[in-house]
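Okay, structure first, notes after.
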Number of protein chains: 4
Amino acid sequence: MSSSVIPNVLAERYASTLIKDIWSPSGRIAIERDYWIAVMKAQRDLGLAIPAKAIAAYEKVKQQIDLADIDARERVTLHDVKARIEAFNALAGHECIHLGLTSRDLTENVEQLQIARSLAVVRLKSAAALGKLAGRAKEFRSLMLTGRTHNVPAQPTTLGKRFAMAGQELLIAHARIDELAARYPVRGLKGAVGTQLDQFTLFGDAAKVAKLEARIVAHLGFQGALFAVGQVYPRSLDFDVVSALHQLGAGAASFATTLRLMAGQGLLTEGFQKGQVGSSAMPHKVNARNCERICGFSTILSGYVTMTAALAGHQWNEGDVSCSVVRRVALPDAFYAIDGLLETLLAVLNQMDVFAAAIGAENQRQLPFLATTTILMEAVKAGVGRETAHLAIKENALAAAKAIRTGEGESDLVRLLAVDTRLGLPEKKLRALLADPKRFVGAAPQQVDQFVRLAAALVKKTPGSATYEPAKLL
Amino acid sequence: MSSSVIPNVLAERYASTLIKDIWSPSGRIAIERDYWIAVMKAQRDLGLAIPAKAIAAYEKVKQQIDLADIDARERVTLHDVKARIEAFNALAGHECIHLGLTSRDLTENVEQLQIARSLAVVRLKSAAALGKLAGRAKEFRSLMLTGRTHNVPAQPTTLGKRFAMAGQELLIAHARIDELAARYPVRGLKGAVGTQLDQFTLFGDAAKVAKLEARIVAHLGFQGALFAVGQVYPRSLDFDVVSALHQLGAGAASFATTLRLMAGQGLLTEGFQKGQVGSSAMPHKVNARNCERICGFSTILSGYVTMTAALAGHQWNEGDVSCSVVRRVALPDAFYAIDGLLETLLAVLNQMDVFAAAIGAENQRQLPFLATTTILMEAVKAGVGRETAHLAIKENALAAAKAIRTGEGESDLVRLLAVDTRLGLPEKKLRALLADPKRFVGAAPQQVDQFVRLAAALVKKTPGSATYEPAKLL
Amino acid sequence: MSSSVIPNVLAERYASTLIKDIWSPSGRIAIERDYWIAVMKAQRDLGLAIPAKAIAAYEKVKQQIDLADIDARERVTLHDVKARIEAFNALAGHECIHLGLTSRDLTENVEQLQIARSLAVVRLKSAAALGKLAGRAKEFRSLMLTGRTHNVPAQPTTLGKRFAMAGQELLIAHARIDELAARYPVRGLKGAVGTQLDQFTLFGDAAKVAKLEARIVAHLGFQGALFAVGQVYPRSLDFDVVSALHQLGAGAASFATTLRLMAGQGLLTEGFQKGQVGSSAMPHKVNARNCERICGFSTILSGYVTMTAALAGHQWNEGDVSCSVVRRVALPDAFYAIDGLLETLLAVLNQMDVFAAAIGAENQRQLPFLATTTILMEAVKAGVGRETAHLAIKENALAAAKAIRTGEGESDLVRLLAVDTRLGLPEKKLRALLADPKRFVGAAPQQVDQFVRLAAALVKKTPGSATYEPAKLL
Amino acid sequence: MSSSVIPNVLAERYASTLIKDIWSPSGRIAIERDYWIAVMKAQRDLGLAIPAKAIAAYEKVKQQIDLADIDARERVTLHDVKARIEAFNALAGHECIHLGLTSRDLTENVEQLQIARSLAVVRLKSAAALGKLAGRAKEFRSLMLTGRTHNVPAQPTTLGKRFAMAGQELLIAHARIDELAARYPVRGLKGAVGTQLDQFTLFGDAAKVAKLEARIVAHLGFQGALFAVGQVYPRSLDFDVVSALHQLGAGAASFATTLRLMAGQGLLTEGFQKGQVGSSAMPHKVNARNCERICGFSTILSGYVTMTAALAGHQWNEGDVSCSVVRRVALPDAFYAIDGLLETLLAVLNQMDVFAAAIGAENQRQLPFLATTTILMEAVKAGVGRETAHLAIKENALAAAKAIRTGEGESDLVRLLAVDTRLGLPEKKLRALLADPKRFVGAAPQQVDQFVRLAAALVKKTPGSATYEPAKLL
């Protein structure tokens with residue numbers, strides 16, 4: 001890290017090489033130069049007088065990316081694209097690139113390619129995370145856990161099911177990103193106000209212009225181009241992208257929040273990496289700092305949602321550039337954030353350590369409270385009115401709970417219920433009911449199986465996801 | 001309007017009956033009661049001892065919706081669902097509804113049905129708007145217009161193309177909503193923590209529980225249910241919905257913004273409704289107040305995006321209700337807002353009045369500036385280096401522009417260019433170039449045609465959209 | 001509740017009469033009519049030919065507020081102010097109101113008065129909440145509590161100190177609202193584009209116009225008026241207001257979140273109101289639903305922050321009304337939300353029930369882990385290097401923690417530390433250290449005292465706050 | 001720019017040295033080291049056994065900031081503060097820093113100092129901008145301009161007044177930042193959970209701990225410290241800061257938006273810097289790209305508002321670090337953004353070029369429409385009912401407007417009004433009314449004077465603001 005440049009914190013502390021290579025200044029210029037060369041080749045094939053040796057000259061120098069030189073040029077021209085044109089021309093010794101193009105014919109398409117490639121990285125890592133999560137869900141498929149609503153014990157579930165819930169949410173978000181990636185359209189070569197006028201003028205022939213655009217769209221790897229744009233593509237498309245990233249990140253954040261809650265109860269830990277220091281002042285602590293970080297990334301993404309939500313709907317006429325500085329920040333940073341989030345999630349899924357003994361101890365404390373709805377159902381089956389039974393159980397449960405909290409009175413709920421004549425459930429029957437904890441987890445294990453199947457299918461159709469491993473976290 | 005109730009402004013001032021009927025208190029209760037009855041019927045068919053006459057009793061009274069009675073009950077129980085259960089039971093004289101259900105088994109499914117039905121209304125109106133917009137685009141397919149980027153004249157386009165740009169953006173948003181609606185999953189009958197435990201207890205049989213849920217999902221009209229949820233469905237799904245609405249609204253808002261800009265230049269007006277008063281102080285003004293309102297709705301939606309973005313990622317364990325009050329506000333109000341926006345958009349599309357003479361006058365003033373890129377291309381074709389030509393044209397254009405602004409110097413750009421030896425384009429050639437304005441609009445008319453085709457296809461596949469007309473605006 | 005009007009949920013379910021009376025349709029019209037009458041009186045005093053009997057006629061009918069009539073008029077004129085002018089004129093049988101006024105001369109000032117009055121309500125309730133919170137902090141000033149960072153046990157604190165932390169945050173937010181209220185400026189009588197032209201024309205005299213405005217500003221109760229506005233006051237002022245409300249709500253939400261966490265551990269409950277039903281399915285549960293609701297209100301406010309943040313910075317020229325529909329929603333609803341939040345907070349502060357026995361039991365489990373930093377300091381005082389001691393304690397604490405989680409190995413941290421030669425702290429000394437739990441709470445009790453003093457001062461200077469009690473919650 | 005580090009775009013492209021020096025990695029470490037040394041000195045003075053030569057050793061090496069070394073250490077310890085402690089210790093050859101401190105005793109105070117210093121920079125530049133704006137307002141104090149509401153011509157104002165409106169909004173935002181800076185409290189030395197336990201243990205004496213904290217607060221330059229915090233200061237304070245920045249930026253953005261509108265009408269330009277290239281394809285264009293950029297910065301700030309709004313209200317217990325990554329992004333980036341915005345605003349104020357001839361031409365076109373309210377007042381003075389006159393003027397104005405738009409019918413509004421018997425205003429009287437344009441600008445010039453006075457006072461009390469000049473923009 002050089003002291004003379006202020007680094008992008010999200011990129012440098014959290015994002016992986018896969019994403020950084022797409023959005024780094026030099027990574028972007030590499031894409032641009034390939035794009036210019038593709039345009040030149042297509043223009044030449046369609047009849048423009050671009051010498052083959054000029055194209056060769058550009059090809060030869062395209063990897064000579066001197067950011068300092070480009071930066072210096074921009075500080076003169078005050079126009080970033082102009083600076084990059086001049087730099088590439090100077091290296092090649094020709095003036096053949098960017099013919100009939102406006103700046104946005106370059107930058108829009110290049111940025112959309114960055115987005116499309118980044119979406120592919122996100123899909124890879126998201127599938128990898130779902131694969132690992134399914135592994136964990138399977139591992140704890142039947143481990144009974146005190147389920148909580150409103151953060152208080154409610155009914156039993158299994159730990160695997162709790163993980164499958166996160167899987168359910170992530171699968172929905174993944175599906176949305178798949179849909180987006182499948183239809184994500186590129187702007188194409190449309191000229192200053194979207195009418196393709198300058199290419200028309202260059203070629204004097206609509207068919208050739210159409211062929212040129214088709215060649216470039218194919219070079220970029222998109223299915224198709226937008227058909228009616230102005231200077232820029234609609235900015236609501238950026239919102240489409242960033243909101244999809246937030247949706248994915250939010251699923252992970254709900255999961256991380258629940259892990260943080262469990263860590264607070266001593267039921268699990270997100271694990272330590274080798275050499276990691278917990279708190280500098282309190283060395284015994286095993287903080288859920290990675291889970292907290294996942295939540296932090298989600299909050300960050302919500303900020304980029306706001307930025308792109310505000311761009312959408314505020315375009316003037318055929319386009320303005322009030323979006324420019326916003327997109328320079330929000331698009332790469334949103335991808336750095338989701339990438340850091342997914343890397344962190346993958347690490348947590350690898351490292352986390354479940355304390356089954358502690359989970360079991362909690363279950364013991366919470367039964368028979370957790371069984372009250374089962375008891376309610378039994379009472380209804382035995383002919384008691386639902387509302388009557390509800391009231392009786394409520395009164396006794398509250399009494400037992402109070403006894404536990406204050407240390408005074410009968411704290412054994414079973415005993416209290418057994419003597420309540422409104423219910424007509426003798427103690428023997430009640431004790432029998434509670435004897436088999438597994439009967440309380442309902443369909444949880446089967447729901448895990450369903451998640452495992454769906455995750456496996458996703459991993460299978462996503463090349464590389466089965467073996468992807470996160471880099472070491474900072 | 002009664003003075004004793006503070007009305008929901010979005011619903012009462014702007015939303016249409018179609019949406020209000022879904023989200024009004026009585027509309028919601030009607031859905032709930034149908035839902036309870038469907039559950040009872042299915043439970044009875046699957047063997048529960050629910051008397052047919054009890055079901056008949058509920059059927060008979062289901063339309064007796066007394067909001068004041070329910071409200072009074074809630075003020076006692078402090079539990080809204082409980083209040084509605086009691087009210088329905090009291091009317092029917094039975095206690096058979098809500099067996100084995102938790103509150104969320106009711107409310108989640110009912111609210112998701114409200115969302116699904118509302119999405120259908122949005123799709124209808126969105127398709128209708130695209131149809132009307134296509135009509136306007138076709139009407140002005142070839143009307144040359146001074147295209148603007150950075151809000152300053154840039155290159156010619158056509159008015160129809162400007163409308164088609166809005167169409168392009170709206171079509172993308174519409175496609176996203178279609179995708180969402182097609183996969184939108186319902187929570188189903190899952191019980192207190194999502195394990196279906198209470199229905200298991202009721203039926204003692206997993207197959208019967210599965211059948212029950214399938215019956216209810218079919219009753220609701222969904223394709224399928226979520227497989228692994230907690231007390232509630234993942235809240236990122238609400239963000240999915242509301243962000244899709246914002247995306248649609250944003251497309252409309254960009255369009256409305258451009259109309260506001262054009263109104264400011266006197267090129268068109270959004271039109272007056274019969275009896276409408278403009279400004280109370282300045283009677284001659286024809287304000288683009290409906291277009292401003294569309295922009296306002298978009299801003300409102302961005303706020304609901306923030307609310308639902310914040311819900312997503314903050315769920316605890318098997319669910320909490322920190323989302324409850326948020327969803328009571330954000331979900332209906334987001335639909336009221338998008339509905340009001342679409343109604344307003346439809347009215348603007350119906351009423352707006354284009355001043356072709358004013359548009360033509362502007363074109364006259366802006367030519368030959370609008371033709372500079374064409375001139376640049378001609379110079380390049382004639383062998384001048386691109387950068388050289390660019391500089392020469394820029395200098396002359398700036399000089400002519402300055403002359404216009406100050407009233408001093410030569411303001412005829414053609415004359416200035418003709419005598420600039422760097423370009424080698426004689427005045428005669430330049431004048432010939434500019435003689436046919438239509439040559440400057442490039443592919444704009446063809447792009448309009450493409451939009452018209454796509455919009456027609458969409459309208460065709462969306463029943464009712466071809467004939468839908470907005471209600472009179474307030 | 002009438003079935004024909006969709007109510008504003010925030011107003012009808014959560015807000016108190018104090019706020020609703022300010023923002024209800026009839027409340028607003030009452031303010032408006034007083035305003036018109038004040039303008040007429042001042043105009044007459046300054047020489048305009050307005051008959052005294054006309055003013056008397058308006059005075060006489062001003063309380064005849066027929067919302068249905070006004071609504072019907074608006075549906076004809078499509079202009080809300082016009083409709084209200086006509087309705088008042090018709091009642092009085094004169095046409096003397098609104099002379100020389102533009103709509104915004106009325107609505108801006110009226111809405112700012114609604115805001116100013118609402119801020120006073122917020123300050124009252126905020127002071128009341130701080131008073132109650134201080135009472136609770138004092139009550140538990142010295143009750144040792146296991147302090148948590150990253151949600152895991154960290155160091156002891158006291159429960160009173162935990163409450164004082166919330167007090168600290170709320171005091172800052174209260175101070176900000178005080179600052180805002182003290183400088184909140186009103187737009188005044190500025191005319192269509194802010195130049196006071198129409199009043200100049202009416203009076204033909206700048207001095208009279210200034211006197212008129214001063215009279216009206218005094219009538220409204222503001223210190224002063226803005227000096228250079230357009231049609232409207234700057235919308236960043238709305239953001240100033242709503243962001244201040246969010247800041248206050250956020251302090252309450254952090255407090256509520258911590259209560260929810262404590263409820264999950266069984267350390268306290270937010271309490272039940274008489275007759276309240278917990279969960280319809282799980283009757284024993286004592287959910288922190290009011291605390292969840294406070295968090296929900298905070299999320300709602302963040303959405304109105306986004307709306308007003310987006311209004312700010314998007315005003316065109318002398319003003320547009322793209323803000324109109326947004327402000328109709330965001331301003332009242334933000335006040336309803338903060339009011340509902342404060343009512344809920346007050347109720348929680350009244351009702352909450354602390355389980356000191358459970359808090360004590362947790363302390364027992366967490367000592368001696370909570371004392372590790374104290375042990376670290378003792379080792380440093382005894383001459384061990386800080387980093388050396390840190391490592392030794394960390395290793396032993398992790399070992400003991402692991403033993404607890406797995407049930408295997410030595411779980412008594414004191415014993416482990418005593419035999420670690422790196423530390424040189426014999427068991428006797430360590431046991432002595434831990435014998436007096438009170439030594440671990442540091443300055444917590446004194447910090448509580450400081451909060452109690454500041455809260456008392458605030459309550460004293462805020463009339464009514466000492467005795468304010470919330471209405472019963474829904 | 002090095003290709004190996006991804007730069008922070010906001011810092012590297014837009015922010016000035018003043019801000020970058022505060023937030024750069026090395027800038028921050030310099031602050032930290034001074035802080036540690038101040039703590040050591042105070043601890044020694046209060047009796048701790050810290051050798052003077054150790055302190056001297058730290059002093060000697062404090063400027064040796066090797067970011068690569070620190071980075072390498074962090075990648076081992078995975079704890080950023082630990083890495084920086086180790087690096088400083090290794091340089092000095094001692095282990096005396098950070099005694100009795102927790103990480104947050106360092107980082108909270110350092111970050112709050114960064115914020116406080118940044119607020120001072122913002123206040124400086126904001127005052128400078130107000131000074132320049134007042135200069136421009138004065139320059140065009142009486143230049144009549146067609147005022148617009150709803151973006152259509154409404155009533156005359158002056159250009160200076162339009163600038164003064166922006167000044168009004170910026171003055172309010174500046175006042176808010178002043179208030180914030182005046183009360184902004186620092187966390188102080190509070191220990192792991194805020195109870196100062198570890199300093200108590202070190203000193204064994206509450207009075208000494210209080211003295212230590214007072215020394216440190218004085219070293220940092222704050223007026224006072226928070227009295228009851230946990231591990232961290234309340235995060236709503238970050239929202240307080242960032243929302244204040246957005247408020248300031250929004251004022252600038254509304255101004256910039258209006259300049260963009262005026263540029264679109266050819267009334268002014270924001271100006272060119274030397275060597276600047278406009279559009280690469282359309283060389284004649286003078287884009288309002290800096291004004292667009294100001295709007296973009298405002299949108300960016302709204303995203304950081306959302307991030308910090310979401311942090312506020314989500315703190316757990318005595319603190320968690322889910323805020324950590326968010327604050328690493330949102331705090332510096334918000335300051336880079338407002339700094340870039342203010343630099344851009346200052347440049348625009350320096351460079352902008354007003355076209356008085358074009359402004360005059362527009363006035364000519366818009367009179368007599370702009371005078372309709374004046375005519376209305378005259379009719380009322382002549383005894384016509386206000387509503388009658390309003391209708392007559394409206395009908396004639398709409399007729400004339402229609403004639404202008406279509407080229408058919410009488411387009412001279414004066415002639416139409418003169419023959420309308422409802423008004424009774426002969427043509428001669430009407431023509432006389434319109435003869436003196438200056439009578440239509442009302443109090444605009446005096447409002448400018450008021451702004452100029454207030455801005456001058458602010459500049460006077462803000463050292464350096466009178467002479468501050470922006471750096472050259474990119």
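In the structure tokens, chains take the letters A, B, ... in the order shown, each chain's residues start at 1, and ligands count up from 1 in the order shown.
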Kindly determine which residues of chain A lie within 8 Å of chain C, considering only C-alpha atoms, and give the answer as a PDB file with C-alpha atoms, in the first residue's frame.
ATOM      1  CA  HIS A 150     -39.821 -12.247  19.286  1.00  0.00           C
ATOM      2  CA  ASN A 151     -36.460 -13.515  20.567  1.00  0.00           C
ATOM      3  CA  VAL A 152     -38.127 -15.618  23.264  1.00  0.00           C
ATOM      4  CA  PRO A 153     -38.440 -19.413  23.243  1.00  0.00           C
ATOM      5  CA  ALA A 154     -41.449 -20.430  21.172  1.00  0.00           C
ATOM      6  CA  ARG A 260     -24.781 -13.292  16.617  1.00  0.00           C
ATOM      7  CA  LEU A 261     -27.788 -13.943  18.828  1.00  0.00           C
ATOM      8  CA  ALA A 263     -23.174 -16.583  20.016  1.00  0.00           C
ATOM      9  CA  GLY A 264     -24.522 -14.321  22.751  1.00  0.00           C
ATOM     10  CA  GLN A 265     -26.227 -17.312  24.305  1.00  0.00           C
ATOM     11  CA  GLY A 266     -23.099 -19.452  24.017  1.00  0.00           C
ATOM     12  CA  SER A 280      -7.217  -6.364  22.655  1.00  0.00           C
ATOM     13  CA  ALA A 281      -8.502  -5.735  26.165  1.00  0.00           C
ATOM     14  CA  MET A 282     -10.580  -8.846  26.818  1.00  0.00           C
ATOM     15  CA  PRO A 283      -8.615 -11.798  25.491  1.00  0.00           C
ATOM     16  CA  HIS A 284     -11.125 -14.532  26.274  1.00  0.00           C
ATOM     17  CA  LYS A 285     -13.833 -13.158  24.092  1.00  0.00           C
ATOM     18  CA  VAL A 286     -14.806 -14.934  20.915  1.00  0.00           C
ATOM     19  CA  ASN A 287     -16.603 -12.153  19.145  1.00  0.00           C
ATOM     20  CA  ALA A 288     -18.917 -12.753  16.213  1.00  0.00           C
ATOM     21  CA  ARG A 289     -17.045 -10.053  14.399  1.00  0.00           C
ATOM     22  CA  GLU A 292     -21.245  -8.360  12.520  1.00  0.00           C
ATOM     23  CA  THR A 306     -30.534   4.671  -1.965  1.00  0.00           C
ATOM     24  CA  ALA A 310     -32.242   8.309  -6.513  1.00  0.00           C
ATOM     25  CA  PHE A 355     -21.845 -26.314  20.856  1.00  0.00           C
ATOM     26  CA  ALA A 357     -24.099 -29.571  24.618  1.00  0.00           C
ATOM     27  CA  ALA A 358     -25.101 -25.976  25.233  1.00  0.00           C
ATOM     28  CA  PHE A 369     -42.891 -24.340  27.874  1.00  0.00           C
ATOM     29  CA  THR A 372     -47.674 -25.606  25.205  1.00  0.00           C
ATOM     30  CA  THR A 373     -49.185 -25.561  21.738  1.00  0.00           C
ATOM     31  CA  HIS A 390     -55.737 -21.331  25.617  1.00  0.00           C
ATOM     32  CA  LEU A 391     -56.628 -19.321  28.708  1.00  0.00           C
ATOM     33  CA  ILE A 393     -52.495 -22.903  29.630  1.00  0.00           C
ATOM     34  CA  LYS A 394     -51.611 -19.245  29.495  1.00  0.00           C
ATOM     35  CA  GLU A 395     -52.413 -18.713  33.151  1.00  0.00           C
ATOM     36  CA  ASN A 396     -50.374 -21.694  34.279  1.00  0.00           C
ATOM     37  CA  ALA A 397     -47.435 -20.922  31.995  1.00  0.00           C
ATOM     38  CA  LEU A 398     -47.280 -17.373  33.269  1.00  0.00           C
ATOM     39  CA  ARG A 405     -38.001 -15.480  37.653  1.00  0.00           C
ATOM     40  CA  THR A 406     -38.594 -14.747  41.310  1.00  0.00           C
ATOM     41  CA  GLY A 407     -37.707 -18.036  42.953  1.00  0.00           C
TER      42      GLY A 407
END
Worksheet entry | Filtered DSSP result for range 128-263 of chain B, state strand (DSSP E), as a ChimeraX atom specification | /B:144-149,152-158
Discussion item. I'd like to know which residues of range 105-302 of chain C are helix (DSSP H, G or I) (by DSSP, run on the backbone); could you write them as a VMD selection string?
Written reply: chain C and resid 105 to 139 159 to 183 197 to 203 206 to 220 236 to 264 289 to 302
Worksheet item: Counting only C-alpha atoms, what is within 8 Å of Ser118 in chain B, bar same-chain residues fewer than 5 positions away, as number ranges by chain?
Response: B: 19, 22, 335
Requested write-out: N, CA and C atoms of the selected residues, as a short mmCIF file (atom, residue, chain, number, x, y, z; two decimals), in the first residue's frame:
data_model
loop_
_atom_site.label_atom_id
_atom_site.label_comp_id
_atom_site.auth_asym_id
_atom_site.auth_seq_id
_atom_site.Cartn_x
_atom_site.Cartn_y
_atom_site.Cartn_z
N ILE B 19 -57.12 -0.93 -6.32
CA ILE B 19 -56.10 -1.17 -5.29
C ILE B 19 -56.70 -0.99 -3.90
N ILE B 22 -58.38 -3.93 -2.36
CA ILE B 22 -57.50 -5.01 -1.87
C ILE B 22 -56.99 -4.71 -0.47
N PHE B 335 -48.15 0.39 -2.68
CA PHE B 335 -49.08 0.08 -3.78
C PHE B 335 -50.00 1.27 -4.08
#
Practice prompt. Please identify all polymer residues within 9 Å of Ala244 in chain B, counting only C-alpha atoms, omitting same-chain residues fewer than 5 positions from it, and present them as a ChimeraX atom specification.
Written response: /A:240 /B:173-174,176-177,180,239,249
Discussion item. What's around Asn363 in chain B at 6 Å? Count only C-alpha atoms, leave out sequence neighbours fewer than 3 positions away in its own chain, and write the answer as a PyMOL selection string.
Written reply: chain B and resi 146+360+366
Worksheet entry | Atom pair CA of Ser103 in chain D / CA of Lys190 in chain D: separation (Å) | 10.8 Å
